[in-house]
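Structure below is final-v4.cif: mmCIF, C-alpha atoms.
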```
data_query
#
loop_
_atom_site.label_atom_id
_atom_site.label_comp_id
_atom_site.auth_asym_id
_atom_site.auth_seq_id
_atom_site.Cartn_x
_atom_site.Cartn_y
_atom_site.Cartn_z
CA MET A 1 -72.91 8.50 47.78
CA SER A 2 -74.70 5.79 45.88
CA ALA A 3 -73.60 4.87 42.41
CA SER A 4 -76.03 3.26 40.03
CA ARG A 5 -75.10 0.15 38.13
CA SER A 6 -75.06 2.06 34.86
CA ASP A 7 -72.64 4.63 36.38
CA ALA A 8 -70.38 1.76 37.41
CA ARG A 9 -70.48 0.35 33.88
CA ARG A 10 -69.77 3.77 32.34
CA ALA A 11 -66.89 4.33 34.74
CA GLU A 12 -65.35 0.92 34.02
CA ARG A 13 -65.66 1.54 30.28
CA LEU A 14 -63.92 4.91 30.56
CA VAL A 15 -61.08 3.51 32.66
CA ARG A 16 -60.38 0.95 29.92
CA VAL A 17 -58.91 3.77 27.81
CA TYR A 18 -55.84 3.59 30.09
CA PRO A 19 -53.16 0.93 29.53
CA HIS A 20 -53.40 -2.31 31.47
CA ALA A 21 -50.34 -1.68 33.66
CA TRP A 22 -51.68 1.74 34.74
CA ARG A 23 -55.14 0.29 35.40
CA ALA A 24 -53.65 -2.41 37.60
CA ARG A 25 -52.46 0.30 39.99
CA TYR A 26 -54.94 3.17 39.65
CA GLY A 27 -57.93 1.68 37.77
CA PRO A 28 -60.24 0.89 40.73
CA GLU A 29 -59.56 4.27 42.37
CA LEU A 30 -60.22 6.22 39.19
CA ALA A 31 -63.40 4.21 38.53
CA GLN A 32 -64.58 5.03 42.06
CA LEU A 33 -63.82 8.73 41.61
CA LEU A 34 -65.72 8.69 38.31
CA MET A 35 -68.73 7.04 39.98
CA ASP A 36 -68.68 9.62 42.79
CA ASP A 37 -68.46 12.38 40.21
CA MET A 38 -71.27 10.86 38.12
CA ALA A 39 -73.51 10.69 41.18
CA GLU A 40 -73.11 14.45 41.49
CA ARG A 41 -72.99 15.38 37.80
CA PRO A 42 -74.60 12.58 35.76
CA LEU A 43 -73.61 13.92 32.34
CA SER A 44 -70.38 15.75 31.66
CA PRO A 45 -68.80 15.71 28.19
CA VAL A 46 -65.83 17.61 29.63
CA ARG A 47 -65.23 14.81 32.17
CA THR A 48 -65.42 12.17 29.42
CA ALA A 49 -63.04 14.14 27.17
CA ASP A 50 -60.65 14.66 30.10
CA VAL A 51 -60.49 10.95 30.95
CA VAL A 52 -60.24 9.81 27.32
CA GLY A 53 -57.54 12.40 26.59
CA HIS A 54 -55.45 11.48 29.64
CA GLY A 55 -55.99 7.77 28.99
CA LEU A 56 -54.70 8.02 25.43
CA TRP A 57 -51.78 10.18 26.57
CA THR A 58 -50.92 7.58 29.20
CA ARG A 59 -51.03 4.87 26.53
CA LEU A 60 -48.53 6.87 24.46
CA ALA A 61 -46.42 7.37 27.59
CA PHE A 62 -46.44 3.66 28.41
CA ALA A 63 -45.54 2.91 24.79
CA GLY A 64 -42.42 4.99 25.40
CA LEU A 65 -43.45 7.70 22.93
CA VAL A 66 -43.96 10.62 25.32
CA GLY A 67 -43.36 11.71 28.90
CA ASP A 68 -41.60 9.92 31.74
CA ALA A 69 -44.26 7.45 32.91
CA VAL A 70 -41.97 4.55 32.06
CA ALA A 71 -38.99 4.10 34.39
CA PRO A 72 -35.73 5.11 32.65
CA GLU A 73 -34.40 1.53 32.65
CA ARG A 74 -37.52 0.35 30.74
CA ARG A 75 -37.81 3.38 28.44
CA SER A 76 -35.52 2.09 25.72
CA ARG A 77 -37.40 -1.21 25.63
CA ALA A 78 -40.80 0.54 25.46
CA ALA A 79 -39.56 2.83 22.70
CA LEU A 80 -38.36 -0.20 20.72
CA GLY A 81 -41.83 -1.76 21.04
CA ALA A 82 -43.44 1.48 19.83
CA LEU A 83 -40.98 1.60 16.97
CA ALA A 84 -41.87 -1.95 15.92
CA GLY A 85 -45.55 -0.96 15.87
CA LEU A 86 -44.83 2.14 13.80
CA VAL A 87 -42.73 0.17 11.30
CA ALA A 88 -45.56 -2.38 10.98
CA ALA A 89 -48.14 0.36 10.35
CA PHE A 90 -45.74 2.01 7.90
CA LEU A 91 -45.38 -1.27 6.04
CA VAL A 92 -49.14 -1.79 5.76
CA VAL A 93 -49.67 1.63 4.15
CA GLY A 94 -46.44 1.40 2.17
CA VAL A 95 -47.23 -2.02 0.72
CA ALA A 96 -50.72 -0.82 -0.26
CA LEU A 97 -49.19 2.10 -2.16
CA TRP A 98 -46.42 0.08 -3.73
CA SER A 99 -48.59 -2.87 -4.76
CA GLN A 100 -50.91 -0.55 -6.70
CA LEU A 101 -47.92 0.82 -8.59
CA THR A 102 -46.52 -2.61 -9.35
CA ILE A 103 -49.79 -3.46 -11.10
CA GLY A 104 -49.12 -0.56 -13.44
CA TRP A 105 -45.56 -1.69 -14.11
CA GLN A 106 -46.75 -5.19 -14.96
CA TRP A 107 -48.56 -3.63 -17.88
CA SER A 108 -46.15 -0.92 -18.89
CA ALA A 109 -42.97 0.65 -17.50
CA PRO A 110 -43.51 4.21 -16.25
CA ALA A 111 -42.43 6.94 -18.66
CA ALA A 112 -41.40 9.52 -16.07
CA PRO A 113 -37.84 8.90 -14.73
CA GLY A 114 -38.94 10.12 -11.28
CA THR A 115 -41.69 7.50 -11.12
CA LYS A 116 -39.34 4.77 -12.32
CA ALA A 117 -36.64 5.73 -9.81
CA GLY A 118 -39.21 6.08 -7.05
CA MET A 119 -40.61 2.63 -7.64
CA ILE A 120 -37.16 1.03 -7.75
CA VAL A 121 -36.26 2.75 -4.46
CA MET A 122 -39.56 1.65 -2.87
CA SER A 123 -39.05 -1.95 -4.02
CA GLY A 124 -35.47 -1.90 -2.72
CA ALA A 125 -36.69 -0.49 0.58
CA LEU A 126 -39.23 -3.29 0.96
CA LEU A 127 -36.47 -5.80 0.29
CA GLY A 128 -34.47 -3.98 2.97
CA PHE A 129 -37.34 -4.35 5.43
CA GLY A 130 -37.40 -8.08 4.68
CA LEU A 131 -33.68 -8.38 5.45
CA ILE A 132 -34.02 -6.35 8.65
CA ALA A 133 -36.95 -8.53 9.75
CA ALA A 134 -34.88 -11.65 9.11
CA LEU A 135 -31.94 -10.26 11.13
CA ALA A 136 -34.22 -9.12 13.96
CA ALA A 137 -36.17 -12.38 14.13
CA GLY A 138 -33.35 -14.64 15.36
CA PRO A 139 -32.73 -13.12 18.83
CA ILE A 140 -36.47 -12.49 19.27
CA ALA A 141 -37.27 -16.12 18.46
CA TRP A 142 -34.61 -17.19 20.97
CA ALA A 143 -36.11 -14.95 23.68
CA LEU A 144 -39.55 -16.28 22.77
CA LEU A 145 -38.44 -19.88 23.20
CA GLY A 146 -36.96 -19.00 26.58
CA ALA A 147 -40.19 -17.26 27.62
CA LEU A 148 -42.28 -20.24 26.52
CA ARG A 149 -40.10 -22.56 28.60
CA ARG A 150 -40.24 -20.31 31.69
CA ASN A 151 -43.80 -18.96 31.69
CA ALA A 152 -45.86 -19.90 28.65
CA ASP A 153 -49.06 -18.57 30.27
CA ALA A 154 -47.97 -14.97 29.81
CA ILE A 155 -47.10 -15.42 26.16
CA TRP A 156 -49.34 -17.94 24.48
CA ARG A 157 -52.51 -15.84 24.08
CA PRO A 158 -50.98 -12.96 22.08
CA LEU A 159 -48.79 -15.45 20.24
CA VAL A 160 -51.79 -17.53 19.14
CA LEU A 161 -53.68 -14.36 18.19
CA SER A 162 -50.79 -13.19 16.04
CA PHE A 163 -50.33 -16.62 14.47
CA ALA A 164 -54.05 -17.02 13.71
CA GLY A 165 -54.14 -13.56 12.14
CA ALA A 166 -51.07 -14.36 10.03
CA VAL A 167 -52.56 -17.65 8.79
CA LEU A 168 -55.86 -15.97 7.91
CA LEU A 169 -54.07 -13.14 6.15
CA LEU A 170 -51.82 -15.46 4.18
CA LEU A 171 -54.59 -17.84 3.11
CA GLY A 172 -56.97 -15.01 2.27
CA SER A 173 -54.32 -13.10 0.35
CA ARG A 174 -53.39 -16.19 -1.65
CA HIS A 175 -57.03 -16.84 -2.45
CA PHE A 176 -58.04 -13.28 -3.34
CA GLY A 177 -54.72 -12.64 -5.06
CA ALA A 178 -56.15 -14.73 -7.91
CA GLY A 179 -58.16 -11.65 -8.87
CA TRP A 180 -54.99 -9.55 -9.19
CA PRO A 181 -55.25 -7.10 -12.07
CA GLY A 182 -51.54 -7.30 -12.98
CA THR A 183 -50.18 -9.39 -15.81
CA GLY A 184 -47.22 -10.89 -13.94
CA GLY A 185 -46.84 -14.50 -14.89
CA HIS A 186 -47.29 -13.70 -18.56
CA ALA A 187 -43.86 -14.32 -20.00
CA TRP A 188 -44.44 -11.86 -22.82
CA ALA A 189 -44.91 -8.94 -20.47
CA GLY A 190 -41.26 -8.86 -19.42
CA ARG A 191 -41.64 -5.50 -17.79
CA ASN A 192 -42.34 -6.58 -14.26
CA LEU A 193 -40.28 -4.92 -11.55
CA VAL A 194 -40.96 -7.62 -8.95
CA PRO A 195 -42.21 -11.20 -9.19
CA GLY A 196 -45.95 -11.22 -9.79
CA SER A 197 -46.55 -13.63 -6.91
CA VAL A 198 -45.09 -11.13 -4.42
CA ALA A 199 -46.95 -8.14 -5.86
CA ARG A 200 -50.18 -10.14 -5.94
CA LEU A 201 -49.87 -11.10 -2.26
CA GLY A 202 -49.18 -7.50 -1.18
CA TRP A 203 -52.12 -6.26 -3.24
CA ALA A 204 -54.59 -8.78 -1.80
CA ALA A 205 -53.42 -8.25 1.81
CA THR A 206 -53.99 -4.49 1.57
CA LEU A 207 -57.02 -4.55 -0.72
CA TRP A 208 -59.04 -2.75 1.94
CA ILE A 209 -56.88 0.38 1.66
CA THR A 210 -58.76 1.86 -1.26
CA SER A 211 -60.75 4.91 -2.26
CA TYR A 212 -63.58 2.61 -3.38
CA TRP A 213 -65.04 2.96 0.12
CA ALA A 214 -65.92 6.52 -0.87
CA HIS A 215 -67.68 5.25 -4.01
CA PRO A 216 -70.27 2.73 -2.82
CA GLY A 217 -71.77 2.44 -6.31
CA ALA A 218 -68.50 1.20 -7.77
CA LEU A 219 -67.85 -0.95 -4.69
CA ARG A 220 -71.15 -2.78 -5.18
CA SER A 221 -69.92 -4.09 -8.52
CA PHE A 222 -67.18 -6.09 -6.67
CA PRO A 223 -67.82 -9.78 -5.97
CA ALA A 224 -69.39 -10.26 -2.51
CA GLY A 225 -66.49 -12.47 -1.39
CA GLU A 226 -63.97 -9.75 -2.22
CA ILE A 227 -65.96 -7.12 -0.30
CA ALA A 228 -66.13 -9.52 2.67
CA TRP A 229 -62.34 -9.96 2.47
CA MET A 230 -61.87 -6.18 2.41
CA ALA A 231 -63.93 -6.00 5.61
CA VAL A 232 -62.24 -8.95 7.37
CA SER A 233 -58.58 -8.53 6.36
CA PRO A 234 -57.98 -5.36 8.46
CA PHE A 235 -58.93 -7.36 11.56
CA ALA A 236 -56.54 -10.13 10.55
CA LEU A 237 -53.81 -7.50 10.18
CA LEU A 238 -54.71 -6.00 13.55
CA ALA A 239 -54.48 -9.46 15.12
CA VAL A 240 -51.02 -10.00 13.61
CA MET A 241 -49.76 -6.60 14.73
CA GLY A 242 -51.52 -6.45 18.11
CA GLY A 243 -50.63 -10.03 19.05
CA GLY A 244 -47.08 -9.61 17.81
CA LEU A 245 -46.50 -6.40 19.74
CA ARG A 246 -48.01 -7.79 22.92
CA THR A 247 -45.79 -10.83 22.64
CA LEU A 248 -42.77 -8.61 22.06
CA ARG A 249 -43.57 -6.45 25.10
CA ARG A 250 -43.80 -9.49 27.34
CA LEU A 251 -40.41 -10.86 26.33
CA GLU A 252 -37.38 -10.26 28.50
CA LEU A 253 -34.66 -9.12 26.13
CA SER A 254 -31.04 -9.16 27.20
CA GLU A 255 -28.99 -5.97 27.09
CA ARG A 256 -27.12 -7.33 24.08
CA THR A 257 -30.31 -8.19 22.20
CA GLN A 258 -31.72 -4.72 22.89
CA ARG A 259 -28.55 -3.14 21.51
CA TRP A 260 -28.78 -5.31 18.40
CA GLU A 261 -32.46 -4.49 17.88
CA THR A 262 -31.71 -0.78 18.39
CA CYS A 263 -29.01 -0.95 15.69
CA LEU A 264 -31.48 -2.63 13.34
CA ALA A 265 -34.09 0.00 14.23
CA LEU A 266 -31.62 2.70 13.15
CA VAL A 267 -31.23 0.97 9.79
CA ALA A 268 -35.01 0.51 9.55
CA ALA A 269 -35.53 4.25 10.08
CA GLY A 270 -33.14 4.91 7.18
CA VAL A 271 -35.03 2.43 5.01
CA MET A 272 -38.32 4.12 5.96
CA ALA A 273 -36.87 7.46 4.90
CA ALA A 274 -35.75 5.93 1.58
CA PHE A 275 -39.24 4.52 0.99
CA VAL A 276 -40.85 7.91 1.71
CA ALA A 277 -38.36 9.55 -0.66
CA GLY A 278 -39.26 6.99 -3.35
CA ALA A 279 -42.98 7.54 -2.86
CA GLY A 280 -42.41 11.30 -2.88
CA SER A 281 -40.50 11.03 -6.14
CA TRP A 282 -43.45 9.24 -7.74
CA VAL A 283 -46.00 11.74 -6.37
CA LEU A 284 -43.92 14.69 -7.61
CA SER A 285 -43.14 13.29 -11.04
CA GLY A 286 -46.03 10.97 -11.66
CA GLY A 287 -48.66 12.10 -14.05
CA PRO A 288 -51.15 9.63 -15.42
CA GLY A 289 -48.33 7.82 -17.26
CA PRO A 290 -48.93 5.29 -19.99
CA LYS A 291 -52.55 4.10 -20.01
CA ASN A 292 -53.25 6.14 -16.85
CA LEU A 293 -51.38 3.51 -14.81
CA PHE A 294 -49.37 5.79 -12.50
CA ARG A 295 -51.89 8.49 -11.77
CA VAL A 296 -51.53 10.10 -8.34
CA GLY A 297 -54.86 10.16 -6.50
CA ALA A 298 -56.02 11.79 -3.26
CA ILE A 299 -55.64 8.49 -1.41
CA ASP A 300 -51.99 8.30 -2.53
CA MET A 301 -51.37 11.78 -1.14
CA LEU A 302 -53.02 10.69 2.11
CA ALA A 303 -50.89 7.52 2.20
CA LEU A 304 -47.72 9.59 1.68
CA ALA A 305 -48.77 11.90 4.52
CA LEU A 306 -49.37 8.89 6.80
CA LEU A 307 -45.99 7.41 5.87
CA THR A 308 -44.31 10.72 6.71
CA VAL A 309 -46.10 10.91 10.08
CA ALA A 310 -45.06 7.32 10.86
CA LEU A 311 -41.46 8.14 9.89
CA VAL A 312 -41.37 11.20 12.15
CA ALA A 313 -42.92 9.26 15.06
CA ALA A 314 -40.48 6.38 14.48
CA SER A 315 -37.52 8.80 14.52
CA HIS A 316 -38.82 10.18 17.80
CA SER A 317 -39.11 6.67 19.29
CA LEU A 318 -35.67 5.81 18.01
CA ARG A 319 -34.14 8.84 19.74
CA ARG A 320 -35.76 7.69 22.99
CA ALA A 321 -34.59 4.11 22.45
CA VAL A 322 -31.01 5.19 21.70
CA GLY A 323 -31.08 7.73 24.57
CA GLY A 324 -32.29 5.08 27.03
CA SER A 325 -29.70 2.62 25.81
CA SER A 326 -26.88 5.17 26.19
CA ARG A 327 -28.05 6.11 29.70
CA ARG A 328 -28.09 2.45 30.73
CA ARG A 329 -24.55 1.96 29.41
CA ALA A 330 -23.35 5.12 31.19
CA ALA A 331 -24.94 3.91 34.44
CA MET B 1 -48.20 1.74 52.31
CA THR B 2 -47.30 1.90 48.65
CA SER B 3 -43.81 3.04 47.92
CA SER B 4 -42.88 5.14 44.90
CA SER B 5 -39.93 4.73 42.53
CA PRO B 6 -36.74 4.87 44.57
CA GLN B 7 -34.76 6.56 41.80
CA ARG B 8 -36.97 9.63 42.20
CA ARG B 9 -36.47 10.03 45.93
CA ASP B 10 -33.26 12.01 45.78
CA GLN B 11 -34.42 14.65 43.35
CA ASP B 12 -34.56 18.36 44.09
CA PRO B 13 -37.78 19.05 46.00
CA ALA B 14 -38.04 22.41 44.24
CA GLU B 15 -38.87 20.47 41.08
CA LEU B 16 -42.60 21.00 41.62
CA SER B 17 -42.49 23.84 39.12
CA ALA B 18 -40.83 21.46 36.64
CA LEU B 19 -44.10 19.53 36.40
CA GLY B 20 -45.02 21.86 33.55
CA ARG B 21 -48.73 21.75 32.82
CA TYR B 22 -49.28 19.64 35.96
CA ALA B 23 -47.74 22.21 38.32
CA GLY B 24 -51.18 23.80 38.82
CA PRO B 25 -53.05 20.59 39.73
CA ALA B 26 -50.03 19.40 41.73
CA THR B 27 -49.98 22.57 43.85
CA LEU B 28 -53.71 22.26 44.51
CA ILE B 29 -53.43 18.58 45.47
CA LEU B 30 -50.43 19.10 47.75
CA SER B 31 -52.11 22.11 49.37
CA SER B 32 -55.21 20.02 50.01
CA LEU B 33 -53.17 17.13 51.46
CA ALA B 34 -51.32 19.60 53.71
CA GLU B 35 -54.51 19.63 55.77
CA GLY B 36 -54.72 15.82 56.04
CA ASP B 37 -55.06 12.53 54.13
CA LYS B 38 -57.73 12.46 51.42
CA HIS B 39 -58.94 10.18 48.62
CA GLY B 40 -59.69 11.29 45.04
CA TYR B 41 -63.22 12.56 45.60
CA GLY B 42 -62.28 14.17 48.92
CA LEU B 43 -59.50 16.05 47.10
CA THR B 44 -61.92 17.13 44.36
CA LYS B 45 -64.39 18.61 46.84
CA ASP B 46 -61.75 20.22 49.06
CA ILE B 47 -59.97 21.86 46.10
CA GLU B 48 -63.29 23.06 44.72
CA GLY B 49 -64.01 24.56 48.14
CA PHE B 50 -60.76 26.49 48.68
CA ALA B 51 -59.74 27.27 45.07
CA GLY B 52 -63.02 27.28 43.16
CA ILE B 53 -61.51 24.81 40.67
CA ARG B 54 -62.94 21.37 40.04
CA LEU B 55 -60.17 19.05 38.86
CA ALA B 56 -61.54 16.55 36.33
CA PRO B 57 -60.88 12.88 37.23
CA GLY B 58 -58.35 12.27 34.43
CA THR B 59 -56.36 15.37 35.38
CA MET B 60 -56.56 14.44 39.07
CA TYR B 61 -55.15 10.95 38.54
CA GLU B 62 -52.50 12.07 36.08
CA ALA B 63 -51.23 14.47 38.76
CA LEU B 64 -51.59 11.91 41.60
CA SER B 65 -49.60 9.29 39.70
CA ARG B 66 -46.84 11.79 38.90
CA LEU B 67 -46.68 13.05 42.48
CA GLU B 68 -46.52 9.51 43.78
CA ARG B 69 -43.76 8.64 41.30
CA GLN B 70 -41.79 11.67 42.53
CA GLY B 71 -42.24 10.65 46.13
CA LEU B 72 -44.12 13.85 47.00
CA ILE B 73 -47.21 11.92 48.14
CA GLU B 74 -47.81 8.32 49.18
CA ALA B 75 -50.81 6.04 48.91
CA LEU B 76 -52.24 4.58 52.10
CA GLU B 77 -53.89 1.22 52.67
CA SER B 78 -57.59 1.20 52.04
CA HIS B 79 -60.40 -1.28 52.58
CA ASP B 80 -62.45 0.03 49.67
CA ARG B 81 -61.67 1.59 46.31
CA ARG B 82 -61.34 5.13 47.73
CA ARG B 83 -57.62 5.01 48.44
CA PRO B 84 -56.38 7.96 50.52
CA TYR B 85 -53.13 9.80 49.86
CA ARG B 86 -50.73 11.46 52.29
CA LEU B 87 -48.25 14.29 51.84
CA THR B 88 -44.67 13.08 52.39
CA ALA B 89 -41.93 15.13 54.05
CA LEU B 90 -40.40 15.66 50.61
CA GLY B 91 -43.79 16.80 49.32
CA ALA B 92 -44.18 19.27 52.17
CA THR B 93 -40.72 20.73 51.47
CA ALA B 94 -41.50 21.00 47.74
CA LEU B 95 -44.86 22.65 48.41
CA ARG B 96 -43.36 25.11 50.89
CA ALA B 97 -40.65 26.13 48.41
CA HIS B 98 -43.10 26.40 45.54
CA LEU B 99 -45.63 28.47 47.50
CA ALA B 100 -42.86 30.78 48.77
CA ASP B 101 -41.87 31.39 45.13
CA GLN B 102 -45.49 32.04 44.22
CA ARG B 103 -45.86 34.42 47.16
CA ARG B 104 -42.78 36.38 46.10
CA VAL B 105 -44.20 36.76 42.58
CA ALA B 106 -47.63 37.73 43.95
CA GLU B 107 -46.14 40.30 46.32
CA VAL B 108 -44.12 41.92 43.54
CA GLY B 109 -47.18 42.07 41.29
CA LEU B 110 -49.42 43.50 44.01
CA ARG B 111 -46.82 46.05 45.07
CA ARG B 112 -46.41 47.26 41.51
CA LEU B 113 -50.16 47.49 41.03
CA GLU B 114 -50.53 49.50 44.24
CA SER B 115 -47.77 51.93 43.27
CA GLY B 116 -49.52 52.44 39.93
CA GLU B 117 -46.47 51.54 37.86
CA GLY B 118 -47.31 50.78 34.25
CA THR B 119 -51.02 51.62 34.46
CA ALA B 120 -52.61 53.84 31.81
#
```
As a first step, turn the structure in this file into structure tokens.
Amino acid sequence: MSASRSDARRAERLVRVYPHAWRARYGPELAQLLMDDMAERPLSPVRTADVVGHGLWTRLAFAGLVGDAVAPERRSRAALGALAGLVAAFLVVGVALWSQLTIGWQWSAPAAPGTKAGMIVMSGALLGFGLIAALAAGPIAWALLGALRRNADAIWRPLVLSFAGAVLLLLGSRHFGAGWPGTGGHAWAGRNLVPGSVARLGWAATLWITSYWAHPGALRSFPAGEIAWMAVSPFALLAVMGGGLRTLRRLELSERTQRWETCLALVAAGVMAAFVAGAGSWVLSGGPGPKNLFRVGAIDMLALALLTVALVAASHSLRRAVGGSSRRRAA
Amino acid sequence: MTSSSPQRRDQDPAELSALGRYAGPATLILSSLAEGDKHGYGLTKDIEGFAGIRLAPGTMYEALSRLERQGLIEALESHDRRRPYRLTALGATALRAHLADQRRVAEVGLRRLESGEGTA
């Protein structure tokens, strides 16, 4: 059976859907099987869908979200990694939602009690996330230092990627935050729920999460630099999250650290639930509000749906993390 | 020879049916390997020949990796990328038990059809 060079390239591309650890063991064999199959049946959408579907499923399994592909002793650790990713994604969408609302509050406090309560709960939840991150960072930083001393080669690439993404995101957000439509910083306003500098940074970092993409005419009226930032900033965020998660997965965490991080994850899930409840309260009670500042749009409904999905998936990961941890202790 | 996870070695061989949606592909793969060692494409062609089912590559490797993890098959050394697999003793026991169950079910169904029970 002779495989053409293009078949080999197609096969290698398809195999890349699978996670790295799986590919290290089965990748060459699967690529060979695909090439043999392609020699017999050059085009097969069913084959492509089958490989992509199983590859994505295996990624979820290796992330500790489904199945039993990960050995029981590593399952809790994998689930914690997945949970960290879900919390990060939750925060991106959550901050986008919240920062739009804080703009409104800078101008005028919401009239509806449900909106007011919802925004206070959401702001408190974000503060909670900050505290959890601070408490989680210490042991992780310690493990990171240890890993850098032992085998820096395995860590430095994702670490640099994450750091570079964070620097780009911070600098860009500071720069484009100057165009923030809130009035924070004006002493006379006196209605601001959170410091304007914080709201401004959150707004600029998540500027790309907007319904303006569906309205190209309105988008064209934006300054070119701002549109470029909206296109680039998601990649900076991906670098922060992707690099951070890869670094986290490569760290050896002690049993004690894993228990501590699992406890914090339990609290984080509660904070996520509080944030979703706050956002839900705004969506249910929010009409246009004063000067149309708290209007609920289709994108806000979508954001709330995404937050709920992330919360459910995080709860699932947490159950696996806690289950794995309990099994290890029992063993 | 590649070894599979040791913690899976002592499980009940009758667990083949517990593979859920992979029980079908697993039965076909183990039945094919019962004849002799085969690599991925060899399995595909053999299964297509005796069962009339062509296992897609993703499904094939999902099942192979699970079976290897359970210790029901083992990977052999290979000089190229077509790595052959072999049925283990545990795999043979699991397959025998599973097929005996299937045969019992098939016999009951056939007997009832022949006696005309439940037909309109």
Check which residues satisfy the PyMOL selection byres ((chain B) within 10 of (chain A)) in the file shown, then give them as a ChimeraX atom specification.
/B:5,7-8,39-42,44-45,55-62,64-66,69,80-84
Check which residues satisfy the PyMOL selection byres ((chain A and resi 318) around 12) in the file shown, then give them as a PyMOL selection string.
chain A and resi 64-65+75-84+86-87+259+261-270+310-317+319-325
What is the distance, in Å and to one decimal place, between CA of Leu33 in chain B and CA of Tyr85 in chain B?
7.5 Å
Nearest to Trp208 in chain A among A:Thr308, A:Ser221, A:Ala231, A:Ala134, with distances taken over only C-alpha atoms: which residue is it?
A:Ala231
Have a look at CA of Leu101 in chain A and CA of Ala239 in chain A and let me know their distance in Å, one decimal.
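Interatomic distance, CA of Leu101 in chain A to CA of Ala239 in chain A: 26.7 Å.
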Evaluate the PyMOL selection byres ((chain B and resi 72) around 6) here and jot the selected residues down as a PyMOL selection string.
chain B and resi 67-68+70-71+73+88+90-91
Rebuild range 260-276 of chain A so that it carries N, CA and C atoms, then output the result as a PDB file, keeping the file's coordinate frame.
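Generated file (selection20.pdb):
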```pdb
ATOM      1  N   TRP A 260     -28.694  -4.818  19.781  1.00  0.00           N
ATOM      2  CA  TRP A 260     -28.780  -5.310  18.400  1.00  0.00           C
ATOM      3  C   TRP A 260     -30.064  -4.813  17.734  1.00  0.00           C
ATOM      4  N   GLU A 261     -31.185  -4.926  18.448  1.00  0.00           N
ATOM      5  CA  GLU A 261     -32.460  -4.490  17.880  1.00  0.00           C
ATOM      6  C   GLU A 261     -32.468  -2.972  17.673  1.00  0.00           C
ATOM      7  N   THR A 262     -31.790  -2.239  18.565  1.00  0.00           N
ATOM      8  CA  THR A 262     -31.710  -0.780  18.390  1.00  0.00           C
ATOM      9  C   THR A 262     -30.908  -0.419  17.144  1.00  0.00           C
ATOM     10  N   CYS A 263     -29.816  -1.174  16.904  1.00  0.00           N
ATOM     11  CA  CYS A 263     -29.010  -0.950  15.690  1.00  0.00           C
ATOM     12  C   CYS A 263     -29.877  -1.203  14.450  1.00  0.00           C
ATOM     13  N   LEU A 264     -30.626  -2.318  14.476  1.00  0.00           N
ATOM     14  CA  LEU A 264     -31.480  -2.630  13.340  1.00  0.00           C
ATOM     15  C   LEU A 264     -32.565  -1.572  13.160  1.00  0.00           C
ATOM     16  N   ALA A 265     -33.058  -1.040  14.296  1.00  0.00           N
ATOM     17  CA  ALA A 265     -34.090   0.000  14.230  1.00  0.00           C
ATOM     18  C   ALA A 265     -33.530   1.253  13.551  1.00  0.00           C
ATOM     19  N   LEU A 266     -32.248   1.552  13.816  1.00  0.00           N
ATOM     20  CA  LEU A 266     -31.620   2.700  13.150  1.00  0.00           C
ATOM     21  C   LEU A 266     -31.602   2.505  11.643  1.00  0.00           C
ATOM     22  N   VAL A 267     -31.250   1.277  11.232  1.00  0.00           N
ATOM     23  CA  VAL A 267     -31.230   0.970   9.790  1.00  0.00           C
ATOM     24  C   VAL A 267     -32.660   1.048   9.243  1.00  0.00           C
ATOM     25  N   ALA A 268     -33.616   0.517  10.012  1.00  0.00           N
ATOM     26  CA  ALA A 268     -35.010   0.510   9.550  1.00  0.00           C
ATOM     27  C   ALA A 268     -35.519   1.938   9.341  1.00  0.00           C
ATOM     28  N   ALA A 269     -35.102   2.851  10.234  1.00  0.00           N
ATOM     29  CA  ALA A 269     -35.530   4.250  10.080  1.00  0.00           C
ATOM     30  C   ALA A 269     -34.975   4.826   8.771  1.00  0.00           C
ATOM     31  N   GLY A 270     -33.736   4.463   8.449  1.00  0.00           N
ATOM     32  CA  GLY A 270     -33.140   4.910   7.180  1.00  0.00           C
ATOM     33  C   GLY A 270     -33.902   4.352   5.991  1.00  0.00           C
ATOM     34  N   VAL A 271     -34.292   3.074   6.098  1.00  0.00           N
ATOM     35  CA  VAL A 271     -35.030   2.430   5.010  1.00  0.00           C
ATOM     36  C   VAL A 271     -36.420   3.079   4.862  1.00  0.00           C
ATOM     37  N   MET A 272     -37.024   3.423   6.005  1.00  0.00           N
ATOM     38  CA  MET A 272     -38.320   4.120   5.960  1.00  0.00           C
ATOM     39  C   MET A 272     -38.169   5.445   5.215  1.00  0.00           C
ATOM     40  N   ALA A 273     -37.101   6.162   5.547  1.00  0.00           N
ATOM     41  CA  ALA A 273     -36.870   7.460   4.900  1.00  0.00           C
ATOM     42  C   ALA A 273     -36.690   7.272   3.396  1.00  0.00           C
ATOM     43  N   ALA A 274     -35.961   6.203   3.007  1.00  0.00           N
ATOM     44  CA  ALA A 274     -35.750   5.930   1.580  1.00  0.00           C
ATOM     45  C   ALA A 274     -37.096   5.634   0.899  1.00  0.00           C
ATOM     46  N   PHE A 275     -37.933   4.867   1.572  1.00  0.00           N
ATOM     47  CA  PHE A 275     -39.240   4.520   0.990  1.00  0.00           C
ATOM     48  C   PHE A 275     -40.076   5.783   0.794  1.00  0.00           C
ATOM     49  N   VAL A 276     -40.075   6.659   1.809  1.00  0.00           N
ATOM     50  CA  VAL A 276     -40.850   7.910   1.710  1.00  0.00           C
ATOM     51  C   VAL A 276     -40.303   8.762   0.561  1.00  0.00           C
TER      52      VAL A 276
END
```
